[in-house]
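Since the structure comes first, as structure tokens, the remarks are kept for the end.
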Amino acid sequence: MEAVNKEKTIKRNKTVNLTRGNVWKVLFLYSMPLLGSALVQQLYSLVDLVVVGNFAKEGALAVDAIGNATVVINVLLAFALGANGGCSVTVAKHFGADDNKKVRETVNTSFVAFAVLCAALMVLGFGFGRLSLIGLDVHGVYFEDCLVYLYIYVGSLPFVFLYNLACGICSALGDSKTPFIFLVVSSVLNVGLDLLFVWALRMDVAGAAWATFISQAFSCVLTVFVLLKKLRAFKTEEKPKIFDKPILKDLIITSVPVILQQSFVSVGNFFVNRCINGLDSTGDATTGFTTAFKLICMAIMSVISMTNGLANFASQNKAAGEYARIRKGFIAVLCYALVTSLIFLIVFVSCPEFLTRLFVQKDKLTDEAMACSVQFLTIVSCFLPVACLKIAADSTVRGCGGNVGFTVSTLTDLILRVALVYILTSAGWGFAGVCWAWAIGWSISMFIALVFYIRIKCLRGVGIFGNAKRSSNT
């Protein structure tokens, strides 16, 4: 009877039990909306750069302002992404174990805990925003524009947190389509508002920030509304707690590695941007890096979104004892991610100049800025498949509870890239040193991630392609 009720709940709420069905088909249908969401989400910032770069008074300087503000914003955003990752894995675990009460209590505790965290981050953002840009060595000519963009984004953090939490929970329950649909709608709104504020009303950088603010608020409200409706169908005999300390501890354990990963990367990018800002006084290197890095981020975030689905898949199947499915899931998602990364690689290498000109009009773009953008796109994109293998291994380890391995792999990647940027640029490599720092860092950290993947306890005895019988967890 409980199994029948479970199936009715799943169908009624459009949730998906990832412990059943053909692994390749289930993960394809589950991962594609996550991939679409990542692409659309990246379009938020890309559209800002395209519109501002082409329609603002000083296109290249405006792009630099948004690029430098985003470096600081990403440090704050790391906590929202950590809330998403940690909450989704914990909810997926209880959902896979058919524990509706724990699912509801995890959601309740997440909203309370991350609301407090969001408030603290807003205080830090408003209090130390100016100092952070000074520390980033932002050029004075566009400092104020950069600060305005940062402050408006900090004001939108409650919507960012709520949206990421709601998306993470929906994904953990197997519904990756609903957040994607709402995100597409809000992205169309974002494009329209960008054109209205920046092109028609001439609000420049501030207009781009307000367009993003309003669009994020819109997608947040819709996603949270649908989530709350879904949760009502998860009936429990006892009333779920509003706040549960053991669940908070579990959330911290699963969220902190993701927060550390994102914040390490963001802090690393902070120092990288500072180094690039110091390469020349004109800002050409910064403009070139900002445009190319946005495109590389689109590719990487697309892969990460697909492998976040793998983390939820692994968490549900580990809770259900379906260990062979985890190995099959790793192979399936890795193949999907590799195909995605190869498509990006071909596009980036084939037309880097065309892609760069989408962001800044030709008459506002110097030859030096173009050269930096093309160089970064050409070199770094060739190592996207390497990054895919690392990210897929990391996500499987995280989904199986290997938070230490996940953190070590991520920290190694960060330290290597930041250190190599300073070492190679100081050794006379110039901007090329920045490009090769990414390539070398990804390559070394990939091998470390694979070592932790091979050592996952519950997968010992399971064949490489998950073709062995169900193994035991020790």
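Chain lettering (A, B, ...) mirrors the order of the structure tokens, residue numbering begins at 1 for each chain separately, and ligand numbering begins at 1 in order of display.
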Residue contacts of Ile214 (chain A) (12 Å, only C-alpha atoms) excluding same-chain residues fewer than 3 positions away, as a list of chain:residue names: A:Tyr44, A:Ile152, A:Tyr153, A:Gly155, A:Ser156, A:Leu157, A:Phe159, A:Val160, A:Ser186, A:Ser187, A:Val188, A:Leu189, A:Asn190, A:Val191, A:Gly192, A:Leu193, A:Asp194, A:Phe197, A:Gly207, A:Ala208, A:Ala209, A:Trp210, A:Ala211, A:Ala217, A:Phe218, A:Ser219, A:Cys220, A:Val221
Just list as a PyMOL selection string whatever in region 228-381 of chain A DSSP marks as alpha helix (DSSP H). chain A and resi 228-231+245-277+284-320+323-350+352-357+367-381
Limited to C-alpha atoms, could you put the picked residues into a file as a short mmCIF file (atom, residue, chain, number, x, y, z; two decimals), in the first residue's frame?
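Full text of again_24.cif as output:
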```cif
data_model
loop_
_atom_site.label_atom_id
_atom_site.label_comp_id
_atom_site.auth_asym_id
_atom_site.auth_seq_id
_atom_site.Cartn_x
_atom_site.Cartn_y
_atom_site.Cartn_z
CA LEU A 228 5.04 24.75 -1.89
CA LYS A 229 2.19 23.22 -3.85
CA LYS A 230 4.23 20.05 -4.42
CA LEU A 231 5.15 19.71 -0.76
CA LYS A 245 19.16 20.58 14.56
CA PRO A 246 20.26 17.11 13.30
CA ILE A 247 19.00 18.02 9.83
CA LEU A 248 20.81 21.38 10.07
CA LYS A 249 24.01 19.46 10.82
CA ASP A 250 23.37 17.24 7.79
CA LEU A 251 22.72 20.32 5.64
CA ILE A 252 25.95 21.94 6.80
CA ILE A 253 27.93 18.77 6.03
CA THR A 254 26.51 18.56 2.50
CA SER A 255 26.39 22.31 1.78
CA VAL A 256 29.79 23.41 3.04
CA PRO A 257 31.80 21.47 0.39
CA VAL A 258 29.72 23.07 -2.38
CA ILE A 259 30.02 26.49 -0.76
CA LEU A 260 33.76 26.00 -0.41
CA GLN A 261 34.00 24.87 -4.03
CA GLN A 262 32.13 27.90 -5.35
CA SER A 263 33.70 30.40 -2.96
CA PHE A 264 37.21 29.02 -3.56
CA VAL A 265 36.69 29.41 -7.28
CA SER A 266 35.22 32.91 -6.81
CA VAL A 267 38.01 34.02 -4.48
CA GLY A 268 40.50 32.54 -6.90
CA ASN A 269 38.92 34.51 -9.73
CA PHE A 270 39.19 37.61 -7.51
CA PHE A 271 42.98 37.25 -7.41
CA VAL A 272 43.13 36.27 -11.08
CA ASN A 273 41.21 39.42 -12.04
CA ARG A 274 43.49 41.50 -9.87
CA CYS A 275 46.49 40.04 -11.68
CA ILE A 276 44.89 40.65 -15.10
CA ASN A 277 43.96 44.23 -14.14
CA ASP A 284 42.28 45.77 -22.66
CA ALA A 285 43.32 42.51 -21.00
CA THR A 286 40.39 42.80 -18.58
CA THR A 287 37.93 43.36 -21.45
CA GLY A 288 39.28 40.39 -23.40
CA PHE A 289 39.28 38.11 -20.37
CA THR A 290 35.78 39.16 -19.25
CA THR A 291 34.18 38.36 -22.60
CA ALA A 292 35.99 35.04 -23.10
CA PHE A 293 35.56 33.95 -19.49
CA LYS A 294 31.79 34.47 -19.70
CA LEU A 295 31.65 32.08 -22.65
CA ILE A 296 33.83 29.48 -20.91
CA CYS A 297 31.63 29.83 -17.83
CA MET A 298 28.58 29.04 -19.95
CA ALA A 299 30.21 25.77 -21.01
CA ILE A 300 31.40 24.84 -17.52
CA MET A 301 28.12 25.73 -15.81
CA SER A 302 26.27 23.62 -18.38
CA VAL A 303 28.39 20.62 -17.44
CA ILE A 304 28.07 21.34 -13.73
CA SER A 305 24.28 21.54 -13.99
CA MET A 306 24.12 18.11 -15.65
CA THR A 307 26.43 16.59 -13.06
CA ASN A 308 24.43 18.18 -10.21
CA GLY A 309 21.67 15.92 -11.45
CA LEU A 310 24.16 13.06 -11.14
CA ALA A 311 24.75 13.99 -7.48
CA ASN A 312 21.00 13.77 -6.78
CA PHE A 313 20.84 10.51 -8.75
CA ALA A 314 23.69 9.03 -6.73
CA SER A 315 22.19 10.21 -3.44
CA GLN A 316 18.76 8.66 -4.16
CA ASN A 317 20.26 5.36 -5.34
CA LYS A 318 22.71 5.12 -2.46
CA ALA A 319 19.81 5.54 -0.02
CA ALA A 320 17.90 2.82 -1.87
CA TYR A 323 24.82 0.88 -6.14
CA ALA A 324 25.25 -0.56 -9.64
CA ARG A 325 22.95 2.21 -10.95
CA ILE A 326 25.33 4.84 -9.59
CA ARG A 327 28.19 3.54 -11.74
CA LYS A 328 25.95 3.37 -14.80
CA GLY A 329 24.74 6.89 -14.05
CA PHE A 330 28.31 8.18 -13.92
CA ILE A 331 29.08 6.72 -17.36
CA ALA A 332 25.81 8.03 -18.83
CA VAL A 333 26.15 11.60 -17.56
CA LEU A 334 29.84 11.68 -18.46
CA CYS A 335 28.97 10.79 -22.06
CA TYR A 336 26.25 13.45 -22.20
CA ALA A 337 28.59 16.05 -20.68
CA LEU A 338 31.45 15.18 -23.05
CA VAL A 339 29.20 15.63 -26.08
CA THR A 340 28.06 19.00 -24.69
CA SER A 341 31.62 20.15 -24.04
CA LEU A 342 32.76 19.10 -27.52
CA ILE A 343 30.00 21.19 -29.08
CA PHE A 344 31.16 24.22 -27.09
CA LEU A 345 34.78 23.47 -28.01
CA ILE A 346 34.02 23.39 -31.75
CA VAL A 347 32.01 26.63 -31.60
CA PHE A 348 34.60 28.50 -29.50
CA VAL A 349 37.58 27.44 -31.61
CA SER A 350 35.78 28.03 -34.93
CA PRO A 352 36.24 33.28 -31.35
CA GLU A 353 36.38 36.73 -32.98
CA PHE A 354 32.71 36.65 -33.95
CA LEU A 355 31.72 35.64 -30.40
CA THR A 356 33.83 38.42 -28.89
CA ARG A 357 32.25 41.05 -31.15
CA ASP A 367 42.99 44.83 -31.18
CA GLU A 368 44.69 43.92 -27.90
CA ALA A 369 41.39 43.14 -26.18
CA MET A 370 40.33 40.98 -29.14
CA ALA A 371 43.65 39.11 -29.10
CA CYS A 372 43.28 38.31 -25.38
CA SER A 373 39.74 37.05 -25.82
CA VAL A 374 40.63 34.83 -28.79
CA GLN A 375 43.67 33.43 -27.01
CA PHE A 376 41.73 32.51 -23.86
CA LEU A 377 38.85 30.93 -25.80
CA THR A 378 41.14 28.93 -28.08
CA ILE A 379 43.42 27.48 -25.40
CA VAL A 380 41.02 26.89 -22.53
CA SER A 381 38.16 25.43 -24.59
#
```
So, counting only C-alpha atoms, which residue among A:Cys400, A:Cys146, A:Ala427, A:Ile440 is closest to Ile456 (chain A)? A:Cys400
Shell of 6 Å around Arg417 (chain A), only C-alpha atoms, local chain residues under 2 positions omitted, as a ChimeraX atom specification: /A:414-415,419-420,437-438,441
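Nearest to Cys118 (chain A) of all the residues A:Leu35, A:Val226, A:Ile242, A:Val154 is A:Val154, based on only C-alpha atoms.
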Pull the closest atom pair for each residue of region 370-464 of chain A that gets at most 12 Å from region 85-89 of chain A, along with the distance in Å to one decimal, counting only C-alpha atoms, ordering rows by chain and then ascending residue number, as a Markdown table.
```
| residue | atom | partner | partner_atom | distance |
| --- | --- | --- | --- | --- |
| A:Ser395 | CA | A:Gly85 | CA | 10.0 |
| A:Thr396 | CA | A:Val89 | CA | 11.1 |
| A:Val397 | CA | A:Val89 | CA | 11.6 |
| A:Arg398 | CA | A:Val89 | CA | 8.4 |
| A:Gly399 | CA | A:Val89 | CA | 6.5 |
| A:Cys400 | CA | A:Val89 | CA | 9.2 |
| A:Gly401 | CA | A:Val89 | CA | 9.1 |
| A:Gly402 | CA | A:Val89 | CA | 11.9 |
| A:Asn403 | CA | A:Gly86 | CA | 10.5 |
```
Give me the residues near region 442-455 of chain A as a VMD selection string, where near means some atom within 10 Å (using only C-alpha atoms) and where sequence neighbours in that chain fewer than 2 positions away do not count. chain A and resid 380 383 to 398 400 402 404 to 414 416 to 417 436 to 440 457 to 460 464
To one decimal place, how far is CA of Tyr151 (chain A) from CA of Gly125 (chain A) in Å? 7.4 Å
Near Leu173 (chain A), within 12 Å and counting only C-alpha atoms, which residues show up once chain neighbours fewer than 4 positions away are dropped, as an NGL selection string? :A and (9-11 or 13-19 or 30 or 87-98 or 100 or 103-104 or 107 or 166-169 or 177-178 or 227 or 230-231 or 234 or 309 or 312-313 or 315-316)
Which residues, written as number ranges by chain, have at least one atom at most 10 Å from Phe180 (chain A), with only C-alpha atoms counted and residues fewer than 4 positions away on the same chain left out? A: 32-41, 167, 175-176, 184-186, 219, 223
Just to be explicit: take each residue in the selection above, keep all heavy atoms, and write the result as a tab-separated table (two decimals), in the first residue's frame.
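Everything below was put into result19.tsv:
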```tsv
chain	number	residue	atom	x	y	z
A	32	MET	N	18.54	17.02	-19.18
A	32	MET	CA	18.36	18.02	-20.23
A	32	MET	C	17.74	19.33	-19.71
A	32	MET	O	18.21	20.42	-20.06
A	32	MET	CB	17.54	17.45	-21.38
A	32	MET	CG	18.29	16.44	-22.24
A	32	MET	SD	19.86	17.07	-22.90
A	32	MET	CE	21.05	16.27	-21.80
A	33	PRO	N	16.67	19.27	-18.89
A	33	PRO	CA	16.16	20.53	-18.33
A	33	PRO	C	17.19	21.24	-17.45
A	33	PRO	O	17.23	22.48	-17.40
A	33	PRO	CB	14.94	20.09	-17.51
A	33	PRO	CG	14.51	18.81	-18.15
A	33	PRO	CD	15.78	18.14	-18.55
A	34	LEU	N	18.04	20.48	-16.74
A	34	LEU	CA	19.09	21.09	-15.92
A	34	LEU	C	20.10	21.80	-16.82
A	34	LEU	O	20.57	22.90	-16.51
A	34	LEU	CB	19.80	20.03	-15.08
A	34	LEU	CG	18.96	19.34	-13.99
A	34	LEU	CD1	19.77	18.25	-13.32
A	34	LEU	CD2	18.48	20.36	-12.96
A	35	LEU	N	20.43	21.15	-17.94
A	35	LEU	CA	21.33	21.78	-18.91
A	35	LEU	C	20.69	23.05	-19.47
A	35	LEU	O	21.34	24.09	-19.56
A	35	LEU	CB	21.63	20.80	-20.04
A	35	LEU	CG	22.38	21.36	-21.26
A	35	LEU	CD1	23.75	21.90	-20.85
A	35	LEU	CD2	22.53	20.29	-22.34
A	36	GLY	N	19.42	22.95	-19.83
A	36	GLY	CA	18.73	24.12	-20.35
A	36	GLY	C	18.68	25.25	-19.34
A	36	GLY	O	18.87	26.42	-19.69
A	37	SER	N	18.46	24.91	-18.07
A	37	SER	CA	18.42	25.92	-17.02
A	37	SER	C	19.76	26.63	-16.89
A	37	SER	O	19.82	27.86	-16.73
A	37	SER	CB	18.04	25.27	-15.69
A	37	SER	OG	16.73	24.75	-15.73
A	38	ALA	N	20.84	25.85	-16.96
A	38	ALA	CA	22.17	26.46	-16.84
A	38	ALA	C	22.45	27.40	-18.00
A	38	ALA	O	22.98	28.50	-17.81
A	38	ALA	CB	23.23	25.36	-16.79
A	39	LEU	N	22.08	26.97	-19.20
A	39	LEU	CA	22.31	27.82	-20.38
A	39	LEU	C	21.51	29.12	-20.28
A	39	LEU	O	22.02	30.20	-20.54
A	39	LEU	CB	21.91	27.06	-21.64
A	39	LEU	CG	22.82	25.90	-22.05
A	39	LEU	CD1	22.21	25.13	-23.21
A	39	LEU	CD2	24.21	26.41	-22.43
A	40	VAL	N	20.26	28.98	-19.87
A	40	VAL	CA	19.40	30.16	-19.75
A	40	VAL	C	19.90	31.08	-18.65
A	40	VAL	O	19.92	32.31	-18.78
A	40	VAL	CB	17.94	29.75	-19.50
A	40	VAL	CG1	17.08	30.96	-19.20
A	40	VAL	CG2	17.39	29.02	-20.72
A	41	GLN	N	20.34	30.47	-17.52
A	41	GLN	CA	20.83	31.27	-16.40
A	41	GLN	C	22.07	32.07	-16.81
A	41	GLN	O	22.23	33.23	-16.44
A	41	GLN	CB	21.15	30.36	-15.21
A	41	GLN	CG	20.54	30.86	-13.93
A	41	GLN	CD	20.67	29.86	-12.80
A	41	GLN	OE1	21.17	28.75	-12.96
A	41	GLN	NE2	20.20	30.23	-11.64
A	167	CYS	N	14.82	25.46	-6.65
A	167	CYS	CA	15.28	24.65	-7.78
A	167	CYS	C	15.96	23.38	-7.31
A	167	CYS	O	15.76	22.30	-7.87
A	167	CYS	CB	16.24	25.45	-8.66
A	167	CYS	SG	15.42	26.65	-9.71
A	175	ASP	N	12.02	16.59	-10.37
A	175	ASP	CA	11.35	17.52	-11.29
A	175	ASP	C	12.33	18.61	-11.70
A	175	ASP	O	12.50	19.61	-11.00
A	175	ASP	CB	10.12	18.13	-10.62
A	175	ASP	CG	9.40	19.13	-11.52
A	175	ASP	OD1	9.69	19.14	-12.73
A	175	ASP	OD2	8.56	19.88	-11.01
A	176	SER	N	12.96	18.41	-12.84
A	176	SER	CA	13.90	19.42	-13.34
A	176	SER	C	13.27	20.30	-14.41
A	176	SER	O	13.88	21.25	-14.88
A	176	SER	CB	15.15	18.73	-13.91
A	176	SER	OG	14.78	17.78	-14.90
A	184	VAL	N	13.07	30.16	-18.31
A	184	VAL	CA	12.98	30.62	-19.70
A	184	VAL	C	12.09	31.85	-19.79
A	184	VAL	O	12.42	32.84	-20.45
A	184	VAL	CB	12.42	29.49	-20.60
A	184	VAL	CG1	12.07	30.05	-21.99
A	184	VAL	CG2	13.43	28.37	-20.74
A	185	VAL	N	10.95	31.81	-19.09
A	185	VAL	CA	10.03	32.94	-19.09
A	185	VAL	C	10.71	34.19	-18.53
A	185	VAL	O	10.62	35.29	-19.10
A	185	VAL	CB	8.76	32.62	-18.28
A	185	VAL	CG1	7.87	33.85	-18.15
A	185	VAL	CG2	7.99	31.47	-18.93
A	186	SER	N	11.41	34.03	-17.41
A	186	SER	CA	12.06	35.19	-16.79
A	186	SER	C	13.22	35.70	-17.63
A	186	SER	O	13.54	36.89	-17.61
A	186	SER	CB	12.56	34.83	-15.38
A	186	SER	OG	13.60	33.88	-15.45
A	219	SER	N	11.23	34.89	-11.47
A	219	SER	CA	11.42	33.43	-11.52
A	219	SER	C	11.39	32.83	-10.13
A	219	SER	O	10.91	31.70	-9.94
A	219	SER	CB	12.75	33.10	-12.21
A	219	SER	OG	13.84	33.68	-11.53
A	223	THR	N	8.74	29.80	-8.95
A	223	THR	CA	9.30	28.51	-8.56
A	223	THR	C	8.92	28.15	-7.13
A	223	THR	O	8.58	26.99	-6.84
A	223	THR	CB	10.83	28.52	-8.72
A	223	THR	OG1	11.17	28.99	-10.02
A	223	THR	CG2	11.40	27.13	-8.52
```
